[in-house]
$ cat query.pdb   # PDB, C-alpha atoms
ATOM      1  CA  MET A   1      -4.988  23.030  21.115
ATOM      2  CA  LYS A   2      -7.719  24.828  19.195
ATOM      3  CA  LYS A   3      -5.639  24.691  16.014
ATOM      4  CA  THR A   4      -5.138  20.936  16.367
ATOM      5  CA  ILE A   5      -8.851  20.297  16.852
ATOM      6  CA  LEU A   6      -9.703  22.406  13.805
ATOM      7  CA  LYS A   7      -7.081  20.589  11.726
ATOM      8  CA  GLU A   8      -8.467  17.186  12.747
ATOM      9  CA  LEU A   9     -12.008  18.360  11.984
ATOM     10  CA  MET A  10     -10.856  19.467   8.545
ATOM     11  CA  TRP A  11      -9.239  16.071   7.896
ATOM     12  CA  PHE A  12     -12.394  14.321   9.119
ATOM     13  CA  ILE A  13     -14.489  16.270   6.611
ATOM     14  CA  ILE A  14     -11.990  15.720   3.779
ATOM     15  CA  ALA A  15     -11.810  11.978   4.510
ATOM     16  CA  SER A  16     -15.611  11.775   4.610
ATOM     17  CA  ILE A  17     -15.947  13.499   1.251
ATOM     18  CA  LEU A  18     -13.175  11.464  -0.394
ATOM     19  CA  ALA A  19     -14.682   8.230   0.915
ATOM     20  CA  VAL A  20     -17.906   8.675  -1.089
ATOM     21  CA  PRO A  21     -16.465   8.281  -4.622
ATOM     22  CA  LEU A  22     -13.867   5.808  -3.400
ATOM     23  CA  SER A  23     -16.610   3.591  -1.970
ATOM     24  CA  PHE A  24     -18.196   3.373  -5.424
ATOM     25  CA  VAL A  25     -14.812   2.337  -6.822
ATOM     26  CA  PHE A  26     -14.497  -0.194  -3.989
ATOM     27  CA  LEU A  27     -17.870  -1.733  -4.890
ATOM     28  CA  MET A  28     -17.090  -1.744  -8.615
ATOM     29  CA  LEU A  29     -13.732  -3.478  -8.106
ATOM     30  CA  PHE A  30     -15.404  -6.342  -6.263
ATOM     31  CA  LYS A  31     -18.324  -6.324  -8.727
ATOM     32  CA  LEU A  32     -20.801  -5.931  -5.868
ATOM     33  CA  THR A  33     -23.062  -3.507  -7.683
ATOM     34  CA  SER A  34     -26.022  -4.663  -9.697
ATOM     35  CA  SER A  35     -26.462  -3.655 -13.314
ATOM     36  CA  ASN A  36     -30.148  -4.540 -13.141
ATOM     37  CA  PRO A  37     -32.211  -1.332 -12.719
ATOM     38  CA  LYS A  38     -35.110  -3.222 -11.083
ATOM     39  CA  LEU A  39     -34.152  -4.258  -7.576
ATOM     40  CA  ASN A  40     -36.429  -5.665  -4.923
ATOM     41  CA  GLU A  41     -36.453  -4.233  -1.390
ATOM     42  CA  VAL A  42     -33.917  -6.715  -0.010
ATOM     43  CA  GLU A  43     -31.462  -5.957  -2.800
ATOM     44  CA  LYS A  44     -31.889  -2.206  -2.275
ATOM     45  CA  VAL A  45     -31.141  -2.528   1.444
ATOM     46  CA  PHE A  46     -28.176  -4.800   0.708
ATOM     47  CA  THR A  47     -26.789  -2.296  -1.818
ATOM     48  CA  ILE A  48     -27.057   0.541   0.705
ATOM     49  CA  GLN A  49     -25.361  -1.595   3.358
ATOM     50  CA  LEU A  50     -22.539  -2.427   0.943
ATOM     51  CA  PHE A  51     -22.129   1.259   0.133
ATOM     52  CA  MET A  52     -21.951   2.118   3.840
ATOM     53  CA  ILE A  53     -19.342  -0.596   4.419
ATOM     54  CA  GLY A  54     -17.371   0.670   1.423
ATOM     55  CA  TRP A  55     -17.579   4.225   2.757
ATOM     56  CA  LEU A  56     -16.312   3.146   6.171
ATOM     57  CA  VAL A  57     -13.428   1.150   4.691
ATOM     58  CA  MET A  58     -12.389   4.020   2.429
ATOM     59  CA  PHE A  59     -12.718   6.560   5.263
ATOM     60  CA  LEU A  60     -10.369   4.467   7.406
ATOM     61  CA  CYS A  61      -7.961   4.020   4.486
ATOM     62  CA  VAL A  62      -7.757   7.767   3.860
ATOM     63  CA  TYR A  63      -7.183   8.415   7.547
ATOM     64  CA  ILE A  64      -4.533   5.678   7.850
ATOM     65  CA  VAL A  65      -2.652   6.998   4.810
ATOM     66  CA  ARG A  66      -2.728  10.482   6.344
ATOM     67  CA  ILE A  67      -1.324   9.197   9.635
ATOM     68  CA  VAL A  68       1.401   7.154   7.905
ATOM     69  CA  ILE A  69       2.507  10.122   5.800
ATOM     70  CA  LYS A  70       2.569  12.355   8.883
ATOM     71  CA  ALA A  71       4.679   9.774  10.747
ATOM     72  CA  LEU A  72       7.102   9.407   7.844
ATOM     73  CA  LEU A  73       7.528  13.164   7.592
ATOM     74  CA  LYS A  74       8.208  13.323  11.312
ATOM     75  CA  LEU A  75      10.783  10.506  11.056
ATOM     76  CA  VAL A  76      12.561  12.191   8.146
ATOM     77  CA  GLY A  77      12.607  15.465  10.046
ATOM     78  CA  VAL A  78      10.509  17.596   7.737
ATOM     79  CA  ASN A  79       8.856  20.422   9.668
ATOM     80  CA  ASP A  80       5.138  20.953   9.441
ATOM     81  CA  ALA A  81       4.470  23.759   6.959
ATOM     82  CA  THR A  82       1.437  24.944   8.915
ATOM     83  CA  SER A  83       3.238  25.278  12.224
ATOM     84  CA  GLY A  84       4.879  28.583  11.283
ATOM     85  CA  ASN A  85       8.301  27.431  12.538
ATOM     86  CA  PRO A  86      11.174  27.510  10.029
TER      87      PRO A  86
END
$ encode --input "query.pdb" --output "structure tokens"
Amino acid sequence: MKKTILKELMWFIIASILAVPLSFVFLMLFKLTSSNPKLNEVEKVFTIQLFMIGWLVMFLCVYIVRIVIKALLKLVGVNDATSGNP
């Protein structure tokens, strides 16, 4: 049980870190970032909110991909390399 919790905590941290650069890519793909260096307060708050939404979307995407890959490996019958069972 302890090993499972630690593994999920590790994936949570990895997904959080990966979501940061991916959220910038997410905002650039939709052209939601401003190229103007002078932003008023409303635009600054809006940009931060868009970044947070992008982070959340990318965090969920990383986690969903992880779950799908784990399910596919289980369906194919590949053993978990970290379980220690041959």
$ atom_distance --input "query.pdb" --atom1 "CA of Phe51 in chain A" --atom2 "CA of Pro37 in chain A"
16.5 Å
$ closest_residue --input "query.pdb" --among "A:Leu6, A:Gly54, A:Asn40, A:Val62" --to "Met28 in chain A" --atoms "all atoms listed in the file"
A:Gly54
$ residues_near_point --input "query.pdb" --point "(-13.2, 7.6, -2.9)" --cutoff "10 Å" --atoms "all atoms listed in the file" --output "VMD selection string"
chain A and resid 15 to 26 54 to 55 57 to 59 61 to 62
$ atom_distance --input "query.pdb" --atom1 "CA of Met52 in chain A" --atom2 "CA of Leu27 in chain A"
10.4 Å
$ atom_distance --input "query.pdb" --atom1 "CA of Glu8 in chain A" --atom2 "CA of Ala71 in chain A"
15.2 Å
$ axis_aligned_box --input "query.pdb" --around "range 58-62 of chain A" --padding-each-side "5 Å" --output "lines of an AutoDock Vina configuration file"
center_x = -10.2
center_y = 5.9
center_z = 4.9
size_x = 15.0
size_y = 13.7
size_z = 15.0
